[in-house]
>>> print(open('query_39.txt').read())   # compact mmCIF, C-alpha atoms
# COMPACT_ATOMS: atom_id res chain seq x y z
CA MET A 11 0.00 0.00 0.00
CA ILE A 12 2.84 2.38 0.90
CA ARG A 13 4.50 1.61 -2.40
CA ALA A 14 1.28 2.16 -4.27
CA LEU A 15 0.89 5.46 -2.47
CA THR A 16 4.43 6.48 -3.29
CA LEU A 17 3.93 5.59 -6.92
CA MET A 18 0.69 7.54 -6.92
CA LEU A 19 2.34 10.59 -5.42
CA CYS A 20 5.21 10.40 -7.89
CA LEU A 21 2.66 10.25 -10.69
CA ALA A 22 0.70 13.12 -9.23
CA LEU A 23 3.68 15.35 -8.64
CA THR A 24 5.10 14.99 -12.13
CA PRO A 25 4.28 18.24 -13.87
CA LEU A 26 2.17 16.77 -16.58
CA PRO A 27 0.81 18.55 -19.58
CA ALA A 28 -2.66 18.05 -18.23
CA ALA A 29 -4.48 18.89 -21.41
CA ALA A 30 -8.05 17.84 -21.75
CA HIS A 31 -9.68 16.77 -24.93
CA LYS A 32 -12.75 18.73 -24.18
CA VAL A 33 -14.37 20.35 -27.15
CA ILE A 34 -14.46 24.12 -27.20
CA ALA A 35 -16.52 26.02 -29.67
CA SER A 36 -17.89 29.49 -29.99
CA ALA A 37 -19.62 31.74 -32.47
CA PHE A 38 -19.45 35.48 -32.76
CA PRO A 39 -20.67 38.12 -35.17
CA SER A 40 -18.19 38.96 -37.87
CA GLY A 41 -19.37 41.65 -40.18
CA ASP A 42 -22.42 40.36 -42.00
CA VAL A 43 -21.72 36.71 -41.26
CA ILE A 44 -21.45 34.58 -38.18
CA GLU A 45 -17.96 33.38 -37.55
CA GLY A 46 -17.21 30.49 -35.25
CA GLU A 47 -14.47 28.18 -34.23
CA VAL A 48 -14.42 24.55 -33.18
CA GLY A 49 -11.52 22.78 -31.60
CA PHE A 50 -10.20 20.79 -28.72
CA SER A 51 -9.14 22.51 -25.57
CA ASN A 52 -5.55 21.32 -26.01
CA GLY A 53 -5.24 23.78 -28.88
CA ASP A 54 -5.92 21.39 -31.74
CA MET A 55 -8.54 22.85 -34.00
CA ALA A 56 -11.15 20.78 -35.75
CA THR A 57 -10.37 21.04 -39.44
CA ASP A 58 -12.85 20.35 -42.20
CA GLN A 59 -15.54 19.73 -39.64
CA LEU A 60 -19.21 19.84 -40.49
CA VAL A 61 -21.15 22.31 -38.39
CA GLU A 62 -24.90 22.03 -38.57
CA VAL A 63 -27.06 25.05 -37.87
CA PHE A 64 -30.49 24.75 -36.30
CA ASP A 65 -33.02 27.31 -35.17
CA GLY A 66 -34.57 27.38 -31.72
CA ASP A 67 -37.19 24.77 -32.64
CA GLY A 68 -34.67 22.26 -33.93
CA ALA A 69 -35.33 22.87 -37.61
CA LYS A 70 -32.19 22.75 -39.68
CA LEU A 71 -31.21 26.07 -41.21
CA GLY A 72 -28.07 25.04 -42.98
CA GLU A 73 -24.55 23.91 -42.43
CA ALA A 74 -20.99 25.12 -42.61
CA ARG A 75 -17.55 23.58 -42.72
CA THR A 76 -14.49 24.60 -40.75
CA ASP A 77 -11.31 25.54 -42.56
CA ALA A 78 -7.78 24.43 -41.75
CA ASP A 79 -7.72 26.64 -38.64
CA GLY A 80 -10.98 25.37 -37.25
CA TYR A 81 -12.91 28.48 -38.25
CA PHE A 82 -16.17 28.54 -40.09
CA THR A 83 -18.45 31.26 -41.33
CA TYR A 84 -22.17 31.07 -41.72
CA ARG A 85 -24.36 33.64 -43.41
CA PRO A 86 -27.63 33.88 -41.47
CA THR A 87 -30.85 34.40 -43.34
CA ALA A 88 -33.42 34.77 -40.57
CA PRO A 89 -33.19 36.74 -37.30
CA VAL A 90 -33.87 33.74 -35.07
CA ARG A 91 -31.87 31.92 -32.45
CA HIS A 92 -29.09 29.98 -34.13
CA ILE A 93 -27.88 26.76 -32.58
CA PHE A 94 -24.63 25.38 -33.93
CA ARG A 95 -23.86 21.74 -33.49
CA ALA A 96 -20.63 20.01 -34.41
CA ASP A 97 -20.16 16.29 -33.97
CA LEU A 98 -16.47 15.56 -33.80
CA GLY A 99 -17.00 11.87 -33.42
CA ALA A 100 -16.09 9.54 -30.58
CA GLY A 101 -18.63 11.18 -28.33
CA HIS A 102 -17.29 14.69 -28.78
CA VAL A 103 -20.15 17.00 -29.53
CA ALA A 104 -20.06 20.75 -29.32
CA GLU A 105 -23.24 22.76 -29.15
CA PHE A 106 -23.24 26.51 -28.96
CA GLU A 107 -25.68 29.18 -29.92
CA MET A 108 -26.21 32.76 -30.85
CA THR A 109 -29.27 34.66 -29.71
CA GLY A 110 -31.85 36.00 -32.11
CA GLU A 111 -30.95 39.61 -31.23
CA GLU A 112 -27.33 39.10 -32.23
CA VAL A 113 -28.33 37.47 -35.49
CA ALA A 114 -30.76 40.30 -36.15
CA ALA A 115 -27.96 42.80 -35.61
CA ILE A 116 -25.86 40.96 -38.17
CA LEU A 117 -28.73 40.88 -40.63
CA GLY A 118 -29.39 44.57 -40.04
CA LYS A 119 -25.83 45.26 -41.03
CA ALA A 120 -26.03 43.06 -44.04
CA ALA A 121 -28.79 45.28 -45.37
CA PRO A 122 -27.79 47.63 -48.17
CA ALA A 123 -27.82 50.75 -45.98
CA PRO A 124 -25.55 50.05 -42.99
CA ALA A 125 -26.49 53.26 -41.25
CA THR A 126 -27.22 52.06 -37.73
CA ALA A 127 -24.85 49.30 -36.82
CA ASP A 128 -21.19 50.02 -36.48
CA PRO A 129 -19.02 47.01 -37.29
CA VAL A 130 -16.52 47.93 -34.60
CA VAL A 131 -19.18 47.68 -31.91
CA GLU A 132 -19.71 44.07 -32.81
CA VAL A 133 -16.14 43.29 -31.95
CA ALA A 134 -15.88 45.18 -28.69
CA PRO A 135 -16.63 42.56 -26.02
CA SER A 136 -18.08 45.10 -23.64
CA GLY A 137 -20.52 46.28 -26.23
CA ALA A 138 -19.61 49.86 -25.40
CA PRO A 139 -20.48 52.29 -28.13
CA ALA A 140 -17.49 52.92 -30.31
CA PRO A 141 -16.30 56.47 -30.67
CA ALA A 142 -17.78 58.19 -33.64
CA LEU A 143 -15.79 57.22 -36.66
CA ALA A 144 -16.80 60.15 -38.71
CA GLY A 145 -14.95 60.48 -41.94
CA LEU A 146 -14.48 56.79 -42.40
CA SER A 147 -16.22 55.10 -45.23
CA THR A 148 -18.11 51.86 -44.76
CA ALA A 149 -15.27 50.02 -46.41
CA ASP A 150 -12.79 51.53 -43.96
CA LYS A 151 -14.93 50.55 -41.03
CA ALA A 152 -15.27 47.03 -42.33
CA GLU A 153 -11.53 46.86 -42.83
CA ILE A 154 -10.86 48.09 -39.29
CA ALA A 155 -13.33 45.56 -37.94
CA ARG A 156 -11.57 42.84 -39.88
CA ILE A 157 -8.16 43.86 -38.55
CA VAL A 158 -9.40 43.99 -34.96
CA ARG A 159 -10.95 40.57 -35.39
CA ASP A 160 -7.75 39.14 -36.75
CA GLU A 161 -5.76 40.71 -33.96
CA THR A 162 -8.01 39.44 -31.20
CA ARG A 163 -8.41 35.96 -32.61
CA PRO A 164 -5.26 34.46 -31.06
CA LEU A 165 -6.13 36.15 -27.79
CA ARG A 166 -9.58 34.68 -27.84
CA ARG A 167 -8.15 31.26 -28.50
CA GLU A 168 -5.61 31.68 -25.75
CA ILE A 169 -8.28 32.70 -23.27
CA ALA A 170 -10.37 29.71 -24.26
CA ALA A 171 -7.38 27.43 -23.83
CA TYR A 172 -6.52 29.08 -20.52
CA LYS A 173 -10.02 28.52 -19.22
CA GLU A 174 -9.58 24.83 -19.92
CA HIS A 175 -6.15 24.71 -18.40
CA HIS A 176 -6.00 22.94 -15.11
CA ASP A 177 -2.92 23.07 -13.05
CA LEU A 178 -1.31 20.92 -10.46
CA GLN A 179 -3.28 22.51 -7.65
CA THR A 180 -6.57 21.39 -9.15
CA VAL A 181 -5.24 17.89 -9.67
CA LEU A 182 -3.97 17.72 -6.11
CA GLY A 183 -7.28 19.13 -4.92
CA GLY A 184 -9.10 16.35 -6.75
CA ILE A 185 -6.86 13.72 -5.19
CA GLY A 186 -7.47 15.30 -1.83
CA TYR A 187 -11.21 15.07 -2.37
CA ILE A 188 -10.90 11.40 -3.31
CA PHE A 189 -8.84 10.55 -0.24
CA GLY A 190 -11.16 12.57 1.92
CA LEU A 191 -14.24 10.81 0.59
CA PHE A 192 -12.75 7.38 1.01
CA GLY A 193 -11.44 8.34 4.42
CA LEU A 194 -14.95 9.32 5.41
CA GLY A 195 -16.23 6.01 4.09
CA PHE A 196 -13.52 4.23 6.04
CA TYR A 197 -14.47 6.09 9.18
CA LEU A 198 -18.15 5.22 8.79
CA ALA A 199 -17.39 1.59 8.06
CA ALA A 200 -15.01 1.38 11.00
CA ARG A 201 -17.54 2.93 13.33
CA ARG A 202 -20.18 0.48 12.21
CA ARG A 203 -17.82 -2.40 12.81
CA LEU A 204 -16.85 -1.11 16.25
CA ALA A 205 -20.48 -0.72 17.18
CA ALA A 206 -21.27 -4.27 16.09
CA MET B 14 -13.30 8.03 -23.83
CA HIS B 15 -15.47 10.25 -21.72
CA ILE B 16 -18.66 10.90 -23.59
CA VAL B 17 -19.74 14.51 -23.24
CA ASP B 18 -23.12 16.01 -22.46
CA GLY B 19 -25.49 16.07 -25.39
CA ALA B 20 -23.84 13.32 -27.43
CA LEU B 21 -26.26 10.63 -26.38
CA ALA B 22 -29.98 10.07 -26.67
CA GLY B 23 -32.04 10.57 -23.53
CA GLU B 24 -32.95 6.90 -23.22
CA VAL B 25 -29.30 5.88 -23.27
CA VAL B 26 -28.45 8.44 -20.60
CA LEU B 27 -31.28 7.27 -18.35
CA GLY B 28 -30.57 3.59 -18.93
CA GLY B 29 -26.88 4.11 -18.24
CA ALA B 30 -27.63 6.04 -15.06
CA ALA B 31 -29.98 3.32 -13.80
CA LEU B 32 -27.50 0.53 -14.50
CA ALA B 33 -24.63 2.51 -13.00
CA ALA B 34 -26.67 3.20 -9.86
CA GLY B 35 -27.31 -0.53 -9.56
CA GLY B 36 -23.61 -1.26 -10.01
CA ILE B 37 -22.64 1.32 -7.41
CA ALA B 38 -25.13 -0.07 -4.91
CA LEU B 39 -23.81 -3.58 -5.50
CA GLY B 40 -20.24 -2.31 -5.27
CA LEU B 41 -20.85 -0.52 -1.98
CA ARG B 42 -22.23 -3.75 -0.55
CA GLN B 43 -19.02 -5.51 -1.53
CA LEU B 44 -16.76 -2.80 -0.21
CA PRO B 45 -15.72 -4.01 3.22
CA LEU B 46 -13.53 -2.03 5.55
CA GLU B 47 -10.34 -3.72 4.35
CA LYS B 48 -10.94 -2.70 0.76
CA ILE B 49 -11.75 0.97 1.26
CA PRO B 50 -8.13 2.25 1.26
CA ALA B 51 -7.35 0.26 -1.88
CA ALA B 52 -10.48 1.64 -3.50
CA GLY B 53 -9.41 5.16 -2.60
CA VAL B 54 -5.92 4.71 -4.02
CA LEU B 55 -7.26 3.20 -7.23
CA ALA B 56 -9.87 5.93 -7.60
CA ALA B 57 -7.11 8.51 -7.23
CA SER B 58 -4.90 6.64 -9.72
CA PHE B 59 -7.73 6.61 -12.20
CA PHE B 60 -8.36 10.30 -11.59
CA VAL B 61 -4.72 11.16 -12.30
CA ALA B 62 -4.17 8.65 -15.12
CA SER B 63 -7.07 10.09 -17.06
CA LEU B 64 -5.37 13.47 -17.06
CA ILE B 65 -2.37 12.23 -19.03
CA HIS B 66 -3.46 12.73 -22.58
CA VAL B 67 -1.64 11.35 -25.56
CA PRO B 68 -2.67 12.98 -28.80
CA ILE B 69 -3.52 10.40 -31.44
CA GLY B 70 -5.05 11.39 -34.73
CA PRO B 71 -7.90 13.86 -34.49
CA SER B 72 -8.49 13.26 -30.81
CA SER B 73 -6.45 12.28 -27.83
CA VAL B 74 -6.51 9.22 -25.65
CA HIS B 75 -5.58 8.65 -22.06
CA LEU B 76 -4.99 5.80 -19.70
CA ILE B 77 -7.92 4.57 -17.69
CA LEU B 78 -6.49 1.85 -15.44
CA ASN B 79 -9.92 0.30 -15.07
CA GLY B 80 -8.52 -3.21 -15.60
CA LEU B 81 -6.26 -2.82 -12.59
CA ALA B 82 -9.08 -1.36 -10.52
CA GLY B 83 -11.32 -4.24 -11.50
CA LEU B 84 -8.72 -6.88 -10.64
CA VAL B 85 -8.24 -5.53 -7.15
CA LEU B 86 -11.74 -4.31 -6.37
CA GLY B 87 -14.27 -6.38 -8.29
CA TRP B 88 -17.71 -4.83 -8.02
CA ALA B 89 -16.29 -2.17 -5.72
CA ALA B 90 -14.71 -0.69 -8.87
CA PHE B 91 -18.10 0.88 -9.55
CA PRO B 92 -18.11 3.31 -6.62
CA ALA B 93 -14.36 3.92 -6.90
CA LEU B 94 -14.44 4.82 -10.59
CA PHE B 95 -17.67 6.75 -10.11
CA VAL B 96 -15.98 9.04 -7.60
CA GLY B 97 -13.08 9.58 -9.98
CA LEU B 98 -15.42 10.38 -12.86
CA LEU B 99 -17.56 12.67 -10.73
CA LEU B 100 -14.56 14.76 -9.70
CA GLN B 101 -13.23 14.86 -13.26
CA ALA B 102 -16.59 16.12 -14.46
CA VAL B 103 -16.81 18.73 -11.72
CA PHE B 104 -13.19 19.92 -11.80
CA PHE B 105 -12.19 19.57 -15.42
CA GLY B 106 -15.38 19.20 -17.37
CA PHE B 107 -14.39 15.77 -18.65
CA GLY B 108 -17.57 14.09 -19.66
CA GLY B 109 -20.49 15.72 -17.92
CA LEU B 110 -22.88 15.33 -15.06
CA THR B 111 -25.81 14.07 -17.12
CA VAL B 112 -23.74 11.36 -18.80
CA LEU B 113 -22.01 10.39 -15.58
CA GLY B 114 -24.03 7.19 -15.35
CA VAL B 115 -23.17 6.08 -18.86
CA ASN B 116 -19.50 6.88 -18.39
CA THR B 117 -19.40 5.03 -15.09
CA LEU B 118 -21.00 2.01 -16.69
CA ASN B 119 -18.69 2.13 -19.70
CA ILE B 120 -15.59 2.19 -17.54
CA ALA B 121 -16.59 0.17 -14.48
CA LEU B 122 -18.46 -2.70 -16.13
CA PRO B 123 -15.37 -3.87 -18.07
CA ALA B 124 -13.48 -3.69 -14.77
CA VAL B 125 -15.96 -6.08 -13.20
CA ILE B 126 -15.87 -8.40 -16.22
CA VAL B 127 -12.09 -8.46 -16.07
CA HIS B 128 -12.28 -9.22 -12.38
CA TYR B 129 -14.35 -12.31 -13.01
CA LEU B 130 -12.25 -13.47 -15.96
CA CYS B 131 -8.74 -12.84 -14.68
CA TRP B 132 -8.86 -12.65 -10.92
CA ARG B 133 -8.40 -16.38 -10.44
CA GLY B 134 -5.47 -16.35 -12.84
CA VAL B 135 -3.83 -13.47 -11.04
CA THR B 136 -4.21 -14.86 -7.53
CA ARG B 137 -3.53 -18.54 -8.17
CA SER B 138 -0.53 -18.28 -10.47
CA ALA B 139 3.19 -17.77 -10.10
CA PRO B 140 4.21 -14.10 -10.41
CA PRO B 141 5.15 -14.19 -14.14
CA LEU B 142 1.90 -15.87 -15.09
CA ALA B 143 -0.05 -13.57 -12.81
CA ALA B 144 1.50 -10.60 -14.59
CA LEU B 145 0.48 -12.10 -17.92
CA TRP B 146 -3.09 -12.48 -16.71
CA ALA B 147 -3.08 -8.92 -15.42
CA GLY B 148 -1.71 -7.62 -18.71
CA PHE B 149 -4.45 -9.46 -20.55
CA GLY B 150 -7.01 -8.04 -18.13
CA GLY B 151 -5.74 -4.50 -18.51
CA ALA B 152 -5.90 -4.64 -22.30
CA LEU B 153 -9.26 -6.40 -22.25
CA ALA B 154 -10.78 -3.74 -20.00
CA ILE B 155 -9.89 -1.01 -22.50
CA ALA B 156 -11.19 -3.06 -25.41
CA LEU B 157 -14.48 -3.65 -23.61
CA THR B 158 -14.72 0.02 -22.69
CA THR B 159 -14.33 1.09 -26.31
CA VAL B 160 -16.96 -1.46 -27.30
CA LEU B 161 -19.33 -0.05 -24.66
CA VAL B 162 -18.61 3.52 -25.73
CA GLY B 163 -19.30 2.49 -29.33
CA LEU B 164 -22.49 0.79 -28.21
CA SER B 165 -23.65 3.88 -26.33
CA LEU B 166 -22.99 6.00 -29.39
CA MET B 167 -24.67 3.46 -31.66
CA LEU B 168 -27.80 3.32 -29.52
CA SER B 169 -28.07 7.08 -29.92
CA GLY B 170 -27.99 6.99 -33.70
CA ASP B 171 -26.67 4.88 -36.53
CA GLU B 172 -24.38 7.56 -37.89
CA PHE B 173 -22.12 6.92 -34.93
CA ILE B 174 -20.96 3.49 -36.12
CA PRO B 175 -17.86 4.81 -37.93
CA ALA B 176 -17.09 6.90 -34.86
CA ALA B 177 -17.37 3.83 -32.69
CA LYS B 178 -14.88 2.01 -34.89
CA LEU B 179 -12.60 5.02 -34.65
CA VAL B 180 -12.75 4.88 -30.86
CA PHE B 181 -11.72 1.25 -30.92
CA PHE B 182 -8.77 1.68 -33.26
CA ALA B 183 -7.54 4.84 -31.56
CA HIS B 184 -7.32 2.92 -28.33
CA ILE B 185 -5.23 0.01 -29.53
CA PRO B 186 -2.03 1.72 -28.28
CA VAL B 187 -3.75 2.44 -24.98
CA MET B 188 -4.63 -1.24 -24.68
CA ALA B 189 -0.97 -2.14 -25.11
CA VAL B 190 0.22 0.44 -22.57
CA GLU B 191 -2.49 -0.46 -20.08
CA GLY B 192 -1.72 -4.13 -20.45
CA LEU B 193 1.95 -3.50 -19.73
CA LEU B 194 1.15 -1.19 -16.83
CA SER B 195 -1.33 -3.58 -15.25
CA ALA B 196 1.10 -6.45 -15.69
CA ALA B 197 3.90 -4.46 -14.09
CA ALA B 198 1.70 -3.31 -11.21
CA VAL B 199 0.40 -6.81 -10.48
CA TYR B 200 3.87 -8.34 -10.83
CA LEU B 201 5.15 -5.83 -8.29
CA ALA B 202 2.23 -6.47 -5.97
CA VAL B 203 2.56 -10.25 -6.19
CA GLU B 204 6.32 -10.15 -5.64
CA VAL B 205 6.49 -7.49 -2.95
CA LYS B 206 3.20 -7.77 -1.19
CA PRO B 207 1.55 -11.04 -2.19
CA ASP B 208 -1.05 -10.66 0.52
CA LEU B 209 -2.61 -7.67 -1.27
CA PHE B 210 -4.87 -9.96 -3.24
CA ASP B 211 -5.18 -12.50 -0.43
CA THR B 212 -6.33 -9.97 2.13
CA LEU B 213 -8.99 -8.77 -0.21
CA LYS B 214 -9.95 -12.26 -1.26
CA GLY B 215 -11.76 -13.18 1.92
CA ALA B 216 -13.66 -9.96 1.86
CA ALA B 217 -14.48 -10.10 -1.83
CA THR B 218 -16.37 -13.37 -1.94
>>> encode(input="query_39.txt", output="structure tokens")
Amino acid sequence: MIRALTLMLCLALTPLPAAAHKVIASAFPSGDVIEGEVGFSNGDMATDQLVEVFDGDGAKLGEARTDADGYFTYRPTAPVRHIFRADLGAGHVAEFEMTGEEVAAILGKAAPAPATADPVVEVAPSGAPAPALAGLSTADKAEIARIVRDETRPLRREIAAYKEHHDLQTVLGGIGYIFGLFGLGFYLAARRRLAA
Amino acid sequence: MHIVDGALAGEVVLGGAALAAGGIALGLRQLPLEKIPAAGVLAASFFVASLIHVPIGPSSVHLILNGLAGLVLGWAAFPALFVGLLLQAVFFGFGGLTVLGVNTLNIALPAVIVHYLCWRGVTRSAPPLAALWAGFGGALAIALTTVLVGLSLMLSGDEFIPAAKLVFFAHIPVMAVEGLLSAAAVYLAVEVKPDLFDTLKGAAT
């Protein structure tokens, strides 16, 4: 038992690349389309992956395919809730959604007269109104939005990966929970035996 | 290996949960005082082993050590592996809470099967042969787990059959590693502390 414990501790204390193979996926407005990414939390992206799009009632709206970087774009046609579903096989399924309001905002922008929606606002995570970009043409604004998107993309991916990152403390905490639980069980069993 | 939330049909989730609950109840009955520390250590080993991911192909695989757990614990592998899975789901988001039952069943049932098939071989043989039995048990447990995972996916929809095959083939290296690891662990136990299995024997049956 001592040896097993020692082995266990050695295993636990080795700084392992504790990467999960959890699926991460997200969708965000990108100009007049919905852009999304699908990948595994260890940084591998799902390439050439079919993403099916459903509305809130489960009716299929369409589908998209991810590119070599795990990104896909989908052009919405109706301002309803969009549910994206990617089946990566082997029990890995990602489901994520975009609310009807967000889709409506994208569609509003896709309209010929993009007077109301500012593309930059779509990118700002806080949703704070962007400073007035007077003097910039629509093309300029779209270009700026594209640049900001490209710049923030690696950050977004890093944050997603960081969220999934679990360090040694969490692992040790889990082991502590297990020992605690079994210790409690041991205590209860021992008490029952002593009482008998 | 861990099926995530939403990948399975509702019936499969419910059925898996019911069967897993039965297995856990049965396992707790067969978890006498002497076995509890061993169950704790094996649950912790499983918890840690599942964190070591080896990328293979589009996905990644990890060790499970359910064969070893089954050999030592028998039906008590159900509660032990359940605790490990529960904490993995809560801490790391491996699998999910709704599919906990199915995952427990997929991992613990092969452990129990291996226990019944190989336990006699492990306890009644000379150390080298015992190690061989354990290696066989370790590999078999993974094979059975992939079959069960495939079955769970299949019951949720026919389009999963290729995925199920993929799970099986992706885990062939894991079977080899697990077999070696189980064999080494049992060889060590039989050589160094042969009463590990004997102490638990009286309690197990």
>>> closest_residue(input="query_39.txt", among="A:Asp97, A:Asp65, A:Asp77, A:Glu47", to="Leu166 of chain B", atoms="only C-alpha atoms")
A:Asp97
>>> residues_around(input="query_39.txt", residues="Ile185 of chain B", least_positions_apart="3", cutoff="12 Å", atoms="all atoms listed in the file", output="ChimeraX atom specification")
/B:69,74-76,151-159,178-182,188-192
>>> residues_around(input="query_39.txt", residues="segment 38-41 of chain B", least_positions_apart="4", cutoff="10 Å", atoms="all atoms listed in the file", output="NGL selection string")
:B and (32-34 or 45 or 49 or 86-93 or 125)
>>> atom_distance(input="query_39.txt", atom1="atom CA of Val205 of chain B", atom2="atom CA of Leu81 of chain B")
16.7 Å
>>> closest_residue(input="query_39.txt", among="B:Lys48, B:Arg42, B:His184, B:Arg137", to="Phe196 of chain A", atoms="only C-alpha atoms")
B:Lys48
>>> atom_distance(input="query_39.txt", atom1="atom CA of Ala56 of chain B", atom2="atom CA of Ala144 of chain B")
21.2 Å
>>> closest_residue(input="query_39.txt", among="A:Ile116, A:Ala170, A:Val103, A:Leu182", to="chain B", atoms="all atoms listed in the file")
A:Val103
>>> atom_distance(input="query_39.txt", atom1="atom CA of Thr148 of chain A", atom2="atom CA of Thr109 of chain A")
25.4 Å
>>> residues_around(input="query_39.txt", residues="Cys131 of chain B", least_positions_apart="5", cutoff="9 Å", atoms="all atoms listed in the file", output="list in words")
Leu84, Ile126, Thr136, Ala143, Trp146, Ala147, Phe149 and Gly150 of chain B
>>> closest_residue(input="query_39.txt", among="B:Gly106, B:Pro50, B:Gly28, B:Gly148", to="Ala198 of chain B", atoms="only C-alpha atoms")
B:Gly148
>>> residues_around(input="query_39.txt", residues="Val113 of chain A", least_positions_apart="4", cutoff="9 Å", atoms="only C-alpha atoms", output="count of residues only")
14
